[in-house]
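Working notes, beginning with the structure itself.
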Amino acid sequence: MRACVIIPARFASTRFPGKPLIPLLGKPMVLWVAELSALAVGKDHVYIATENEQIAKVVRSAGFNSLMTNPSALTGTDRLAEASQMIEYDIYVNVQGDEPLVEPTDIRRCIALKTSHPELIINGFCWIGEDEEPASINIPKVITTESEKLVYMSRSPLPGYKDQRNAPERYKKQVCIYGFTREELAAYAGFGRKSSLEACEDIEILRFLDINREVLMYECSPGSLAVDVVDDVAKVEKALSERVAA
């Protein structure tokens, strides 16, 4: 099955305007993500979906494809749905533009799972690190069934517990790698609005629960760090420096 990576990259971010172009070790963050994605699917199959000509110019100058999308797209997945109508593939992998530490092997794993489970949405998770705070609203926490089907995702610590003896030893967090078909993306966008839970949590994958689509979560490499706010830049640069030096 033919697969591509589409990286939604919105300049007008509410919490961090211009985030895709923020330099990390001197390179725009979106290019870190694009180059790692290219290791998984090949450079010709990596696309940056944006509403901003400056972002498009930067990625084109680096040899990547850009797709101009509607500035009013509700979410990155809505932007992906629009972009999927412009290019023909069997599998569309959404890799968020603020995941500069994404592992190419995790992208390939997403494609493999989507190939073997075409009826399921695919999404990554990893375990929250010891230096991360489960109560942070910037970290979407994941609860699944024992077969790794998504039950819910929240910015609050999940699962909850009544008795301290039953407290979870560790928590799962979302890794923003998703696998879709064009039909699934069209159904998502066709809902026409953010679902109630999606809007409350500000977690876009939750809309799939309201359109009765199952989500299979799969474990990704440890150490995933996203740039959600300005304060994340320093720790992500530190992790990138360590990776480059390894």
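As shown in the structure tokens, the chain order sets the letters A, B, ...; within each chain, residues go from 1, and ligands are also counted from 1 in the order they appear.
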### Task
Could you tell me, as a count of residues only, which residues of stretch 21-193 of chain A DSSP assigns to strand (DSSP E or B) when given the backbone?
44
Report as CSV: every residue of stretch 109-149 of chain A with an atom at most 10 Å from stretch 208-213 of chain A, its closest pair of atoms, and their distance in Å to one decimal, counting only C-alpha atoms, with rows sorted by chain and ascending residue number.
```
residue,atom,partner,partner_atom,distance
A:Glu119,CA,A:Arg213,CA,8.4
A:Leu120,CA,A:Arg213,CA,7.1
A:Ile121,CA,A:Arg213,CA,7.2
```
Could the residues in this selection be written to a file with N, CA and C atoms, as a PDB file, in the first residue's frame?
```
ATOM      1  N   GLU A 119      -9.216  -1.113   8.996  1.00  0.00           N
ATOM      2  CA  GLU A 119     -10.483  -0.637   9.551  1.00  0.00           C
ATOM      3  C   GLU A 119     -10.299   0.200  10.810  1.00  0.00           C
ATOM      4  N   LEU A 120      -9.060   0.332  11.296  1.00  0.00           N
ATOM      5  CA  LEU A 120      -8.782   1.046  12.544  1.00  0.00           C
ATOM      6  C   LEU A 120      -7.961   2.298  12.290  1.00  0.00           C
ATOM      7  N   ILE A 121      -8.260   3.350  13.058  1.00  0.00           N
ATOM      8  CA  ILE A 121      -7.369   4.503  13.129  1.00  0.00           C
ATOM      9  C   ILE A 121      -6.150   4.071  13.947  1.00  0.00           C
TER      10      ILE A 121
END
```
### Task
List the neighbours of stretch 101-108 of chain A out to 6 Å using only C-alpha atoms; skip same-chain residues closer than 5 positions along the sequence, and give me the result as a VMD selection string.
chain A and resid 36 to 37 39 to 40 220
### Test item: residues at most 8 Å from A:Ser224, only C-alpha atoms, excluding those fewer than 2 positions along its chain, as a ChimeraX atom specification
/A:99,101-102,126,175,221-222,226
Give me the stretch 169-223 of chain A side of the contact with stretch 130-151 of chain A, cut-off 10 Å, one line per residue showing its nearest atom pair and distance in Å at one decimal, counting only C-alpha atoms, sorted by chain and residue number, as CSV.
```
residue,atom,partner,partner_atom,distance
A:Arg170,CA,A:Pro134,CA,8.8
A:Tyr171,CA,A:Lys141,CA,6.9
A:Lys172,CA,A:Val142,CA,5.2
A:Lys173,CA,A:Lys141,CA,4.4
A:Gln174,CA,A:Pro140,CA,5.8
A:Val175,CA,A:Pro140,CA,8.9
A:Glu201,CA,A:Pro140,CA,8.7
A:Asp202,CA,A:Pro140,CA,9.3
A:Ile203,CA,A:Pro140,CA,7.5
A:Ile205,CA,A:Leu150,CA,9.9
A:Leu206,CA,A:Leu150,CA,9.4
A:Leu209,CA,A:Val151,CA,8.8
A:Glu214,CA,A:Lys149,CA,7.1
A:Val215,CA,A:Leu150,CA,5.4
A:Leu216,CA,A:Lys149,CA,4.7
A:Met217,CA,A:Glu148,CA,5.4
A:Tyr218,CA,A:Glu148,CA,6.9
A:Glu219,CA,A:Glu148,CA,9.1
```
Selection above as a file: all heavy atoms, as a compact mmCIF listing (two decimals), in the first residue's frame:
```
# COMPACT_ATOMS: atom_id res chain seq x y z
N ARG A 170 2.69 3.90 36.20
CA ARG A 170 3.14 4.85 35.19
C ARG A 170 1.97 5.18 34.27
O ARG A 170 0.95 4.50 34.28
CB ARG A 170 4.32 4.29 34.39
CG ARG A 170 4.08 2.93 33.76
CD ARG A 170 5.31 2.44 33.03
NE ARG A 170 5.07 1.16 32.37
CZ ARG A 170 5.89 0.62 31.48
NH1 ARG A 170 7.01 1.27 31.14
NH2 ARG A 170 5.62 -0.54 30.93
N TYR A 171 2.14 6.24 33.48
CA TYR A 171 1.07 6.73 32.63
C TYR A 171 1.50 6.71 31.17
O TYR A 171 2.67 6.93 30.84
CB TYR A 171 0.71 8.18 33.00
CG TYR A 171 0.09 8.36 34.37
CD1 TYR A 171 0.89 8.49 35.50
CD2 TYR A 171 -1.28 8.42 34.51
CE1 TYR A 171 0.32 8.67 36.76
CE2 TYR A 171 -1.86 8.60 35.76
CZ TYR A 171 -1.06 8.73 36.87
OH TYR A 171 -1.62 8.91 38.11
N LYS A 172 0.53 6.47 30.30
CA LYS A 172 0.77 6.56 28.86
C LYS A 172 0.48 7.99 28.39
O LYS A 172 -0.43 8.64 28.87
CB LYS A 172 -0.16 5.61 28.10
CG LYS A 172 0.07 4.14 28.37
CD LYS A 172 -0.99 3.30 27.66
CE LYS A 172 -0.76 1.80 27.91
NZ LYS A 172 -1.84 0.98 27.31
N LYS A 173 1.28 8.44 27.42
CA LYS A 173 1.00 9.74 26.80
C LYS A 173 0.94 9.56 25.28
O LYS A 173 1.55 8.65 24.71
CB LYS A 173 2.05 10.78 27.16
CG LYS A 173 3.43 10.55 26.55
CD LYS A 173 4.35 11.73 26.86
CE LYS A 173 5.74 11.54 26.22
NZ LYS A 173 6.63 12.69 26.48
N GLN A 174 0.20 10.43 24.65
CA GLN A 174 0.06 10.36 23.20
C GLN A 174 1.34 10.77 22.50
O GLN A 174 2.03 11.71 22.90
CB GLN A 174 -1.07 11.29 22.75
CG GLN A 174 -1.37 11.22 21.27
CD GLN A 174 -2.34 12.30 20.81
OE1 GLN A 174 -2.29 13.43 21.30
NE2 GLN A 174 -3.21 11.96 19.88
N VAL A 175 1.69 10.05 21.44
CA VAL A 175 2.71 10.45 20.48
C VAL A 175 1.97 10.78 19.19
O VAL A 175 1.18 9.97 18.70
CB VAL A 175 3.75 9.33 20.25
CG1 VAL A 175 4.73 9.74 19.15
CG2 VAL A 175 4.50 9.02 21.54
N GLU A 201 -11.32 19.01 25.83
CA GLU A 201 -9.95 18.57 26.10
C GLU A 201 -8.93 19.23 25.17
O GLU A 201 -7.74 19.24 25.47
CB GLU A 201 -9.85 17.05 25.94
CG GLU A 201 -10.67 16.25 26.94
CD GLU A 201 -9.94 16.04 28.26
OE1 GLU A 201 -8.89 16.68 28.49
OE2 GLU A 201 -10.41 15.21 29.06
N ASP A 202 -9.38 19.75 24.04
CA ASP A 202 -8.49 20.22 22.97
C ASP A 202 -7.57 19.10 22.52
O ASP A 202 -6.36 19.26 22.41
CB ASP A 202 -7.70 21.45 23.42
CG ASP A 202 -7.00 22.15 22.25
OD1 ASP A 202 -7.44 21.97 21.09
OD2 ASP A 202 -6.00 22.86 22.49
N ILE A 203 -8.17 17.94 22.25
CA ILE A 203 -7.46 16.76 21.75
C ILE A 203 -8.25 16.25 20.55
O ILE A 203 -9.33 15.70 20.69
CB ILE A 203 -7.32 15.66 22.82
CG1 ILE A 203 -6.54 16.18 24.03
CG2 ILE A 203 -6.66 14.43 22.25
CD1 ILE A 203 -6.45 15.22 25.19
N ILE A 205 -8.04 13.81 18.33
CA ILE A 205 -8.33 12.40 18.05
C ILE A 205 -9.67 11.98 18.65
O ILE A 205 -10.31 11.03 18.18
CB ILE A 205 -7.19 11.49 18.58
CG1 ILE A 205 -7.27 10.08 17.97
CG2 ILE A 205 -7.20 11.42 20.09
CD1 ILE A 205 -6.75 9.99 16.57
N LEU A 206 -10.15 12.69 19.67
CA LEU A 206 -11.39 12.32 20.34
C LEU A 206 -12.60 12.40 19.42
O LEU A 206 -13.61 11.73 19.67
CB LEU A 206 -11.61 13.19 21.58
CG LEU A 206 -10.62 12.98 22.73
CD1 LEU A 206 -10.84 13.99 23.84
CD2 LEU A 206 -10.72 11.55 23.29
N LEU A 209 -14.10 9.13 18.21
CA LEU A 209 -15.00 8.37 19.07
C LEU A 209 -16.45 8.76 18.80
O LEU A 209 -17.35 7.92 18.89
CB LEU A 209 -14.64 8.60 20.54
CG LEU A 209 -13.22 8.24 20.97
CD1 LEU A 209 -13.04 8.44 22.47
CD2 LEU A 209 -12.87 6.81 20.57
N GLU A 214 -12.96 3.15 15.70
CA GLU A 214 -12.06 2.63 16.73
C GLU A 214 -10.63 3.09 16.46
O GLU A 214 -10.20 3.19 15.31
CB GLU A 214 -12.11 1.12 16.77
CG GLU A 214 -13.37 0.56 17.38
CD GLU A 214 -13.26 -0.93 17.62
OE1 GLU A 214 -12.99 -1.65 16.64
OE2 GLU A 214 -13.43 -1.38 18.77
N VAL A 215 -9.90 3.32 17.54
CA VAL A 215 -8.51 3.78 17.45
C VAL A 215 -7.62 2.75 18.13
O VAL A 215 -7.81 2.42 19.30
CB VAL A 215 -8.33 5.15 18.13
CG1 VAL A 215 -6.88 5.61 18.02
CG2 VAL A 215 -9.28 6.19 17.52
N LEU A 216 -6.66 2.24 17.39
CA LEU A 216 -5.67 1.31 17.93
C LEU A 216 -4.42 2.09 18.30
O LEU A 216 -3.82 2.75 17.46
CB LEU A 216 -5.33 0.24 16.89
CG LEU A 216 -4.22 -0.75 17.28
CD1 LEU A 216 -4.66 -1.60 18.47
CD2 LEU A 216 -3.84 -1.63 16.09
N MET A 217 -4.04 2.02 19.57
CA MET A 217 -2.84 2.68 20.04
C MET A 217 -1.67 1.70 19.98
O MET A 217 -1.86 0.50 20.22
CB MET A 217 -3.03 3.18 21.48
CG MET A 217 -4.24 4.06 21.71
SD MET A 217 -4.22 5.63 20.79
CE MET A 217 -2.76 6.43 21.46
N TYR A 218 -0.50 2.19 19.65
CA TYR A 218 0.68 1.31 19.62
C TYR A 218 1.84 2.02 20.30
O TYR A 218 1.95 3.25 20.27
CB TYR A 218 1.04 0.93 18.18
CG TYR A 218 1.67 2.04 17.36
CD1 TYR A 218 3.04 2.07 17.14
CD2 TYR A 218 0.89 3.06 16.81
CE1 TYR A 218 3.62 3.08 16.39
CE2 TYR A 218 1.45 4.07 16.05
CZ TYR A 218 2.81 4.08 15.84
OH TYR A 218 3.39 5.10 15.10
N GLU A 219 2.69 1.23 20.92
CA GLU A 219 3.78 1.80 21.71
C GLU A 219 4.92 2.27 20.82
O GLU A 219 5.42 1.53 19.97
CB GLU A 219 4.30 0.79 22.73
CG GLU A 219 5.33 1.39 23.68
CD GLU A 219 5.69 0.48 24.83
OE1 GLU A 219 5.09 -0.60 24.96
OE2 GLU A 219 6.59 0.87 25.62
```
Test item: residues at most 8 Å from stretch 90-95 of chain A, only C-alpha atoms, excluding those fewer than 4 positions along its chain, as an mmCIF file with all heavy atoms, in the first residue's frame:
```cif
data_model
loop_
_atom_site.group_PDB
_atom_site.id
_atom_site.type_symbol
_atom_site.label_atom_id
_atom_site.label_comp_id
_atom_site.auth_asym_id
_atom_site.auth_seq_id
_atom_site.Cartn_x
_atom_site.Cartn_y
_atom_site.Cartn_z
ATOM 1 N N MET A 1 0.844 -1.200 0.000
ATOM 2 C CA MET A 1 0.000 0.000 0.000
ATOM 3 C C MET A 1 0.876 1.246 0.000
ATOM 4 O O MET A 1 1.886 1.308 0.700
ATOM 5 C CB MET A 1 -0.926 -0.004 1.223
ATOM 6 C CG MET A 1 -1.873 -1.189 1.272
ATOM 7 S SD MET A 1 -2.974 -1.185 2.711
ATOM 8 C CE MET A 1 -4.163 0.047 2.200
ATOM 9 N N ARG A 2 0.501 2.228 -0.816
ATOM 10 C CA ARG A 2 1.287 3.462 -0.916
ATOM 11 C C ARG A 2 0.981 4.366 0.273
ATOM 12 O O ARG A 2 -0.186 4.627 0.584
ATOM 13 C CB ARG A 2 0.975 4.192 -2.220
ATOM 14 C CG ARG A 2 1.369 3.420 -3.471
ATOM 15 C CD ARG A 2 1.100 4.223 -4.728
ATOM 16 N NE ARG A 2 2.033 5.342 -4.862
ATOM 17 C CZ ARG A 2 1.671 6.622 -4.858
ATOM 18 N NH1 ARG A 2 0.408 6.967 -4.702
ATOM 19 N NH2 ARG A 2 2.579 7.575 -4.994
ATOM 20 N N ALA A 3 2.030 4.829 0.919
ATOM 21 C CA ALA A 3 1.871 5.657 2.112
ATOM 22 C C ALA A 3 2.669 6.938 1.977
ATOM 23 O O ALA A 3 3.743 6.969 1.363
ATOM 24 C CB ALA A 3 2.325 4.889 3.351
ATOM 25 N N CYS A 4 2.136 7.992 2.566
ATOM 26 C CA CYS A 4 2.844 9.272 2.621
ATOM 27 C C CYS A 4 2.770 9.812 4.038
ATOM 28 O O CYS A 4 1.973 9.348 4.863
ATOM 29 C CB CYS A 4 2.239 10.284 1.643
ATOM 30 S SG CYS A 4 0.578 10.852 2.095
ATOM 31 N N VAL A 5 3.615 10.770 4.320
ATOM 32 C CA VAL A 5 3.543 11.535 5.564
ATOM 33 C C VAL A 5 3.109 12.948 5.215
ATOM 34 O O VAL A 5 3.669 13.575 4.312
ATOM 35 C CB VAL A 5 4.899 11.574 6.291
ATOM 36 C CG1 VAL A 5 4.869 12.601 7.427
ATOM 37 C CG2 VAL A 5 5.257 10.198 6.844
ATOM 38 N N ILE A 6 2.096 13.435 5.920
ATOM 39 C CA ILE A 6 1.692 14.840 5.810
ATOM 40 C C ILE A 6 1.910 15.484 7.166
ATOM 41 O O ILE A 6 1.439 14.973 8.192
ATOM 42 C CB ILE A 6 0.225 14.994 5.374
ATOM 43 C CG1 ILE A 6 -0.027 14.291 4.041
ATOM 44 C CG2 ILE A 6 -0.130 16.481 5.263
ATOM 45 C CD1 ILE A 6 -1.465 14.408 3.555
ATOM 46 N N ILE A 7 2.636 16.578 7.172
ATOM 47 C CA ILE A 7 2.943 17.311 8.401
ATOM 48 C C ILE A 7 2.114 18.593 8.418
ATOM 49 O O ILE A 7 2.359 19.510 7.630
ATOM 50 C CB ILE A 7 4.441 17.664 8.469
ATOM 51 C CG1 ILE A 7 5.291 16.395 8.383
ATOM 52 C CG2 ILE A 7 4.763 18.455 9.739
ATOM 53 C CD1 ILE A 7 6.763 16.672 8.108
ATOM 54 N N PRO A 8 1.086 18.672 9.270
ATOM 55 C CA PRO A 8 0.332 19.928 9.365
ATOM 56 C C PRO A 8 1.173 20.969 10.104
ATOM 57 O O PRO A 8 1.693 20.702 11.191
ATOM 58 C CB PRO A 8 -0.918 19.537 10.149
ATOM 59 C CG PRO A 8 -0.530 18.325 10.922
ATOM 60 C CD PRO A 8 0.551 17.633 10.157
ATOM 61 N N VAL A 33 11.343 17.644 11.551
ATOM 62 C CA VAL A 33 10.284 16.645 11.424
ATOM 63 C C VAL A 33 10.247 16.082 10.006
ATOM 64 O O VAL A 33 10.125 14.865 9.807
ATOM 65 C CB VAL A 33 8.918 17.253 11.804
ATOM 66 C CG1 VAL A 33 7.824 16.191 11.708
ATOM 67 C CG2 VAL A 33 8.950 17.843 13.204
ATOM 68 N N SER A 37 10.875 12.214 8.853
ATOM 69 C CA SER A 37 9.794 11.536 8.135
ATOM 70 C C SER A 37 10.295 10.973 6.811
ATOM 71 O O SER A 37 9.883 9.877 6.385
ATOM 72 C CB SER A 37 8.638 12.509 7.888
ATOM 73 O OG SER A 37 8.079 12.964 9.100
ATOM 74 N N THR A 77 -5.820 17.654 11.945
ATOM 75 C CA THR A 77 -6.416 16.535 11.226
ATOM 76 C C THR A 77 -7.372 17.029 10.145
ATOM 77 O O THR A 77 -7.461 16.449 9.061
ATOM 78 C CB THR A 77 -7.129 15.575 12.193
ATOM 79 O OG1 THR A 77 -6.186 15.149 13.196
ATOM 80 C CG2 THR A 77 -7.660 14.350 11.478
ATOM 81 N N LEU A 80 -5.201 17.951 7.402
ATOM 82 C CA LEU A 80 -4.760 16.744 6.721
ATOM 83 C C LEU A 80 -5.847 16.220 5.780
ATOM 84 O O LEU A 80 -5.565 15.768 4.667
ATOM 85 C CB LEU A 80 -4.403 15.671 7.749
ATOM 86 C CG LEU A 80 -3.434 14.597 7.277
ATOM 87 C CD1 LEU A 80 -2.009 15.112 7.363
ATOM 88 C CD2 LEU A 80 -3.574 13.325 8.097
ATOM 89 N N SER A 84 -5.350 15.613 1.889
ATOM 90 C CA SER A 84 -5.466 14.269 1.324
ATOM 91 C C SER A 84 -6.256 14.254 0.024
ATOM 92 O O SER A 84 -6.135 13.315 -0.771
ATOM 93 C CB SER A 84 -6.116 13.319 2.335
ATOM 94 O OG SER A 84 -7.501 13.588 2.487
ATOM 95 N N GLU A 99 6.920 17.633 16.656
ATOM 96 C CA GLU A 99 7.533 16.402 17.182
ATOM 97 C C GLU A 99 8.914 16.203 16.552
ATOM 98 O O GLU A 99 9.127 15.255 15.780
ATOM 99 C CB GLU A 99 6.621 15.198 16.885
ATOM 100 C CG GLU A 99 5.311 15.199 17.636
ATOM 101 C CD GLU A 99 5.372 14.407 18.931
ATOM 102 O OE1 GLU A 99 6.444 13.850 19.234
ATOM 103 O OE2 GLU A 99 4.355 14.357 19.630
ATOM 104 N N ILE A 107 7.201 5.688 12.638
ATOM 105 C CA ILE A 107 6.367 6.013 11.478
ATOM 106 C C ILE A 107 6.137 4.761 10.643
ATOM 107 O O ILE A 107 5.010 4.467 10.214
ATOM 108 C CB ILE A 107 7.021 7.125 10.627
ATOM 109 C CG1 ILE A 107 7.153 8.420 11.444
ATOM 110 C CG2 ILE A 107 6.203 7.380 9.355
ATOM 111 C CD1 ILE A 107 7.932 9.518 10.733
ATOM 112 N N CYS A 110 3.620 2.549 12.261
ATOM 113 C CA CYS A 110 2.261 3.048 12.037
ATOM 114 C C CYS A 110 1.733 2.566 10.688
ATOM 115 O O CYS A 110 0.581 2.094 10.588
ATOM 116 C CB CYS A 110 2.258 4.576 12.102
ATOM 117 S SG CYS A 110 0.647 5.346 11.789
ATOM 118 N N ILE A 111 2.555 2.666 9.666
ATOM 119 C CA ILE A 111 2.143 2.240 8.319
ATOM 120 C C ILE A 111 1.878 0.738 8.293
ATOM 121 O O ILE A 111 0.892 0.273 7.704
ATOM 122 C CB ILE A 111 3.218 2.629 7.294
ATOM 123 C CG1 ILE A 111 3.310 4.157 7.190
ATOM 124 C CG2 ILE A 111 2.919 2.015 5.927
ATOM 125 C CD1 ILE A 111 4.518 4.647 6.426
ATOM 126 N N LYS A 114 -1.439 0.038 10.035
ATOM 127 C CA LYS A 114 -2.572 0.482 9.224
ATOM 128 C C LYS A 114 -2.786 -0.462 8.044
ATOM 129 O O LYS A 114 -3.931 -0.723 7.647
ATOM 130 C CB LYS A 114 -2.337 1.913 8.729
ATOM 131 C CG LYS A 114 -3.542 2.522 8.003
ATOM 132 C CD LYS A 114 -4.744 2.615 8.915
ATOM 133 C CE LYS A 114 -5.936 3.225 8.203
ATOM 134 N NZ LYS A 114 -7.176 3.104 8.999
ATOM 135 N N THR A 115 -1.706 -0.988 7.511
ATOM 136 C CA THR A 115 -1.815 -1.949 6.412
ATOM 137 C C THR A 115 -2.512 -3.225 6.869
ATOM 138 O O THR A 115 -3.355 -3.782 6.157
ATOM 139 C CB THR A 115 -0.418 -2.282 5.859
ATOM 140 O OG1 THR A 115 0.192 -1.077 5.370
ATOM 141 C CG2 THR A 115 -0.497 -3.284 4.727
ATOM 142 N N CYS A 176 2.210 11.959 18.655
ATOM 143 C CA CYS A 176 1.374 12.447 17.559
ATOM 144 C C CYS A 176 1.799 11.910 16.192
ATOM 145 O O CYS A 176 2.247 12.644 15.305
ATOM 146 C CB CYS A 176 1.328 13.964 17.570
ATOM 147 S SG CYS A 176 0.426 14.605 18.988
ATOM 148 N N ILE A 177 1.678 10.603 16.060
ATOM 149 C CA ILE A 177 1.790 9.907 14.774
ATOM 150 C C ILE A 177 0.461 9.189 14.587
ATOM 151 O O ILE A 177 0.043 8.418 15.457
ATOM 152 C CB ILE A 177 2.935 8.876 14.767
ATOM 153 C CG1 ILE A 177 4.264 9.511 15.161
ATOM 154 C CG2 ILE A 177 3.046 8.215 13.399
ATOM 155 C CD1 ILE A 177 5.389 8.502 15.351
ATOM 156 N N TYR A 178 -0.219 9.461 13.476
ATOM 157 C CA TYR A 178 -1.528 8.876 13.223
ATOM 158 C C TYR A 178 -1.554 8.259 11.825
ATOM 159 O O TYR A 178 -0.959 8.803 10.900
ATOM 160 C CB TYR A 178 -2.645 9.923 13.250
ATOM 161 C CG TYR A 178 -2.627 10.942 14.353
ATOM 162 C CD1 TYR A 178 -1.870 12.105 14.262
ATOM 163 C CD2 TYR A 178 -3.434 10.776 15.481
ATOM 164 C CE1 TYR A 178 -1.896 13.061 15.259
ATOM 165 C CE2 TYR A 178 -3.471 11.729 16.489
ATOM 166 C CZ TYR A 178 -2.692 12.873 16.377
ATOM 167 O OH TYR A 178 -2.722 13.819 17.368
ATOM 168 N N GLY A 179 -2.307 7.180 11.655
ATOM 169 C CA GLY A 179 -2.482 6.572 10.345
ATOM 170 C C GLY A 179 -3.948 6.545 9.938
ATOM 171 O O GLY A 179 -4.801 6.077 10.705
ATOM 172 N N PHE A 180 -4.262 7.067 8.733
ATOM 173 C CA PHE A 180 -5.633 7.182 8.252
ATOM 174 C C PHE A 180 -5.738 6.737 6.793
ATOM 175 O O PHE A 180 -4.745 6.719 6.061
ATOM 176 C CB PHE A 180 -6.112 8.650 8.279
ATOM 177 C CG PHE A 180 -5.894 9.387 9.553
ATOM 178 C CD1 PHE A 180 -4.946 10.399 9.634
ATOM 179 C CD2 PHE A 180 -6.652 9.098 10.673
ATOM 180 C CE1 PHE A 180 -4.761 11.118 10.804
ATOM 181 C CE2 PHE A 180 -6.479 9.812 11.851
ATOM 182 C CZ PHE A 180 -5.520 10.820 11.920
ATOM 183 N N THR A 181 -6.964 6.460 6.373
ATOM 184 C CA THR A 181 -7.285 6.404 4.952
ATOM 185 C C THR A 181 -7.949 7.726 4.576
ATOM 186 O O THR A 181 -8.371 8.505 5.447
ATOM 187 C CB THR A 181 -8.264 5.257 4.636
ATOM 188 O OG1 THR A 181 -9.510 5.497 5.329
ATOM 189 C CG2 THR A 181 -7.691 3.915 5.054
ATOM 190 N N ARG A 182 -8.072 7.964 3.285
ATOM 191 C CA ARG A 182 -8.746 9.187 2.824
ATOM 192 C C ARG A 182 -10.209 9.198 3.285
ATOM 193 O O ARG A 182 -10.727 10.247 3.692
ATOM 194 C CB ARG A 182 -8.670 9.290 1.301
ATOM 195 C CG ARG A 182 -9.407 10.504 0.752
ATOM 196 C CD ARG A 182 -9.393 10.520 -0.761
ATOM 197 N NE ARG A 182 -8.104 10.991 -1.274
ATOM 198 C CZ ARG A 182 -7.802 11.006 -2.569
ATOM 199 N NH1 ARG A 182 -8.671 10.549 -3.461
ATOM 200 N NH2 ARG A 182 -6.638 11.465 -2.974
#
```
### Message
Considering only helix (DSSP H, G or I) as DSSP defines it on the backbone, what residues of stretch 28-114 of chain A qualify? List them as a VMD selection string.
### Response
chain A and resid 29 to 41 43 to 45 53 to 61 76 to 84 104 to 114
### Query
Just how far from atom CA of A:Tyr89 is atom CA of A:Pro20, in Å to one decimal?
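Taking atom CA of A:Pro20 and atom CA of A:Tyr89, their separation equals 24.8 Å.
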#### Entry: A:Ala81, A:Ser116, A:Pro159, A:Asp231 ranked by distance to A:Glu183, top pick (using only C-alpha atoms)
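That would be A:Ala81, the residue with the smallest distance to A:Glu183.
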### Query
Smallest atom-to-atom distance to A:Glu82: which of A:Ala186, A:Ser195, A:Arg155, A:Ala62, using only C-alpha atoms?
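Among the listed residues, the smallest separation from A:Glu82 belongs to A:Ala186.
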### d(atom CA of A:Arg207, atom CA of A:Phe191) in Å
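Interatomic distance here is 8.5 Å.
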### Task
Go ahead and compute the interatomic distance for atom CA of A:Leu185 and atom CA of A:Pro100, in Å to one decimal.
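A separation of 23.9 Å between them.
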### Task
Show which residues sit within 6 Å of stretch 235-241 of chain A, as number ranges by chain. Count only C-alpha atoms, and ignore same-chain residues fewer than 3 positions away.
A: 24, 232, 244
### Exercise: A:Gln54 partners within 9 Å, only C-alpha atoms, chain neighbours under 3 positions left out, as a PyMOL selection string
chain A and resi 11+21+57-59
Generate a file of the selected residues that holds C-alpha atoms, formatted as a JSON list (two decimals), in the first residue's frame.
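As a result, again_6.json now contains:
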```
[["chain", "number", "residue", "atom", "x", "y", "z"],
["A", 11, "PHE", "CA", 1.86, 29.49, 11.51],
["A", 21, "LEU", "CA", 9.73, 27.91, 12.04],
["A", 57, "LYS", "CA", 8.83, 28.67, 1.05],
["A", 58, "VAL", "CA", 11.12, 27.28, 3.77],
["A", 59, "VAL", "CA", 10.14, 23.67, 3.14]]
```
### Task
Give the answer as one residue: which of A:Val41, A:Ala112, A:Val229, A:Met153 has the shortest atom-to-atom distance to A:Pro17, using only C-alpha atoms?
A:Val229
